[in-house]
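Participant: Pasting a structure below so you can have a look.
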Amino acid sequence: MWGDIDQCIVIMDEQAFQIPEQLPAGLLVVDSAPFSHRMIGLLGLGVPTVLITNAQATLLTEGGEYAMDGSSGQITNDLKQVAGNELAGTEWVLGQDFLMADGQAVKLCASVRHAQAASQALAVGAMSIGLVRSEFLQPADGRLPDKAFYLEAFRSIAKAASGLTVTVRLLDAAADKLPDWLPPSDATGQALGLQGTRLYGTEPVNRVIEAQLAALAELSEEFSLRVIVPFVVRLEEFAYWLDRVRAQLPAKVPVGAMAETPASVLDCHNLLSCADFVAIGCNDLMQSVFAADRDVAELRHYLDPYAPVLYRLFRQVAEQAGELLESVQLCGLLPQIQGVLPVLLGLGYRSFSVDASFIPHLAAVASRLSQAECEALARRVCDARTTQEVLQILHLPGDRHPPFLI
């Protein structure tokens with residue numbers, strides 16, 4: 001995850017969609033929202049990416065020799081700290097679990113939006129493609145995508161994954177990823193507005209979902225596929241769309257629910273009674289828990305990945321799920337944040353879908369941990385009262401994440 005800053009570029013948050021085709025060795029993003037859709041796109045590029053403040057940016061000298069660590073966010077002029085291959089000496093088999101120090105299995109899957117990312121996932125040993133963000137698969141000319149388009153798009157990803165199971169999330173519109181063919185609306189794609197299944201009963205979204213399902217049904221004869229129904233809030237809502245999806249897919253294709261709100265996450269054990277699996281969308285969940293739009297940079301400190309209340313919520317979900325927790329996958333940036341993976345392992349979570357470039361780092365972290373020490377760590381984090389206490393427990397700087405703006 002290291003990159004030389006003299007080969008990197010410094011960008012402002014609003015420039016996130018202006019990255020040149022010839023990717024730099026790394027990115028320094030000034031005053032950005034770490035859980036935003038823009039940041040997800042940058043991390044998906046597979047190059048080290050570090051968030052810095054405007055004040056920190058002024059301390060860097062153009063042309064100076066520095067090193068940056070995309071996993072910890074560290075920037076240093078001590079080039080001796082540059083790390084090598086984190087998986088050196090680690091044995092892994094394509095499509096199989098990574099192991100903790102005591103032999104506990106950890107499933108590290110990849111979240112992708114195109115075939116190139118699926119190829120990268122294969123190269124780093126991802127167990128599967130845990131999440132295909134199908135909303136980013138759009139015709140270049142802006143036309144309404146049809147079955148033929150999705151047959152080609154989904155097939156390219158599945159072929160690049162070369163035998164790995166591919167989990168496709170059905171269309172999920174958000175504010176910064178609204179396709180040209182979708183009529184604009186003040187509510188469409190907004191954090192508390194119309195997204196996911198809330199749009200499925202409207203045109204032309206209905207036709208797009210039909211096209212996606214028709215393509216997936218045909219491709220399921222050729223590839224190992226799973227399907228996720230996004231942004232369901234209530235059990236009855238999921239049951240309704242589950243019937244519709246299952247009517248168009250072969251019975252062998254597992255269908256899961258995407259839980260992204262406190263209501264759906266707290267009802268995860270009931271969702272698991274009819275879903276084949278549940279994917280918890282940590283980015284949107286944190287947005288709801290902390291009442292802060294994750295795409296607004298000014299609110300970035302409110303989405304706090306070290307807040308103990310967040311882990312008490314995850315503990316409650318794990319306890320309610322019981323043995324079914326093995327069918328729960330955590331998606332989003334949270335497991336990639338420094339210090340967080342051991343806490344989630346300690347709470348019993350074992351399946352994660354992350355950016356492919358983070359898989360070697362997370363595998364190396366997990367390989368040094370035992371379940372007993374992770375459980376002890378998770379208990380201490382859940383018993384903490386403040387973010388600063390959690391940072392102390394995780395041996396991280398106290399100013400790593402100010403919990404609010406003043």
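Starting from 1 in every chain, residues are counted up; chains themselves are A, B, ... following the order of the structure tokens, and ligands are numbered from 1 as listed.
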Enumerate the residues of region 64-295 of chain A with a DSSP assignment of strand (DSSP E), computed from the backbone, and present them as a ChimeraX atom specification.

Facilitator: /A:67-69,74-76,98-99,105-112,129-133,166-169,225-229,255-259,277-281

Participant: Skip Asp97 (chain A) itself and residues of its chain fewer than 6 positions away, then list as an MDAnalysis selection string all residues within 6 Å of it, counting only C-alpha atoms.

Facilitator: chainID A and resid 105:107

Participant: Name the residues in contact with Gly322 (chain A) at a cut-off of 12 Å, using only C-alpha atoms, excluding same-chain residues fewer than 2 positions from it; report them as a list in words.

Facilitator: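 Close residues of Gly322 (chain A): Cys268, His269, Asn270, Leu272, Arg315, Gln316, Val317, Ala318, Glu319, Gln320, Leu324, Leu325, Glu326, Ser327, Val328, Leu347, Gly348 and Tyr349 of chain A.
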
Participant: Can you tell me, as number ranges by chain, what residues are no more than 10 Å from region 174-188 of chain A when counting only C-alpha atoms, ignoring any on the same chain fewer than 6 positions away?

Facilitator: A: 36-38, 135-145, 194-196, 198-199, 203-205, 295

Participant: Go ahead and write the selection's residues with C-alpha atoms as an mmCIF file, in the first residue's frame.

Facilitator:
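Result file follows (again_20.cif):
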```cif
data_model
loop_
_atom_site.group_PDB
_atom_site.id
_atom_site.type_symbol
_atom_site.label_atom_id
_atom_site.label_comp_id
_atom_site.auth_asym_id
_atom_site.auth_seq_id
_atom_site.Cartn_x
_atom_site.Cartn_y
_atom_site.Cartn_z
ATOM 1 C CA SER A 36 -18.405 9.356 0.402
ATOM 2 C CA HIS A 37 -19.300 7.780 -2.927
ATOM 3 C CA ARG A 38 -16.429 9.782 -4.414
ATOM 4 C CA GLU A 135 -25.332 1.049 -10.950
ATOM 5 C CA PHE A 136 -21.926 1.930 -12.400
ATOM 6 C CA LEU A 137 -22.520 -0.302 -15.417
ATOM 7 C CA GLN A 138 -24.127 2.119 -17.847
ATOM 8 C CA PRO A 139 -24.098 2.479 -21.661
ATOM 9 C CA ALA A 140 -21.600 5.115 -22.768
ATOM 10 C CA ASP A 141 -24.237 6.882 -24.863
ATOM 11 C CA GLY A 142 -26.604 7.318 -21.901
ATOM 12 C CA ARG A 143 -29.351 5.116 -23.350
ATOM 13 C CA LEU A 144 -31.531 2.880 -21.211
ATOM 14 C CA PRO A 145 -29.600 -0.358 -20.553
ATOM 15 C CA LEU A 194 -35.738 7.255 -3.092
ATOM 16 C CA GLN A 195 -33.049 4.662 -3.652
ATOM 17 C CA GLY A 196 -32.729 0.905 -3.960
ATOM 18 C CA ARG A 198 -37.959 2.254 -3.434
ATOM 19 C CA LEU A 199 -37.500 2.990 -7.136
ATOM 20 C CA GLU A 203 -40.490 3.487 -14.789
ATOM 21 C CA PRO A 204 -38.001 3.296 -16.317
ATOM 22 C CA VAL A 205 -36.293 1.651 -13.313
ATOM 23 C CA ASP A 295 -21.110 12.826 0.742
#
```

Participant: For CA of Asp172 (chain A) and CA of Val232 (chain A), quote the distance in Å rounded to one decimal.

Facilitator: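 These two atoms are separated by 10.9 Å.
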
Participant: Please provide the set of residues having any atom within 8 Å of region 393-396 of chain A, restricted to only C-alpha atoms, with same-chain residues fewer than 4 positions apart removed, written as a PyMOL selection string.

Facilitator: chain A and resi 339+377+380-381+389+400

Participant: May I ask for the distance between CA of Asp146 (chain A) and CA of Ala214 (chain A), given in Å to one decimal place?

Facilitator: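 Rounded to one decimal, the two atoms are 9.4 Å apart.
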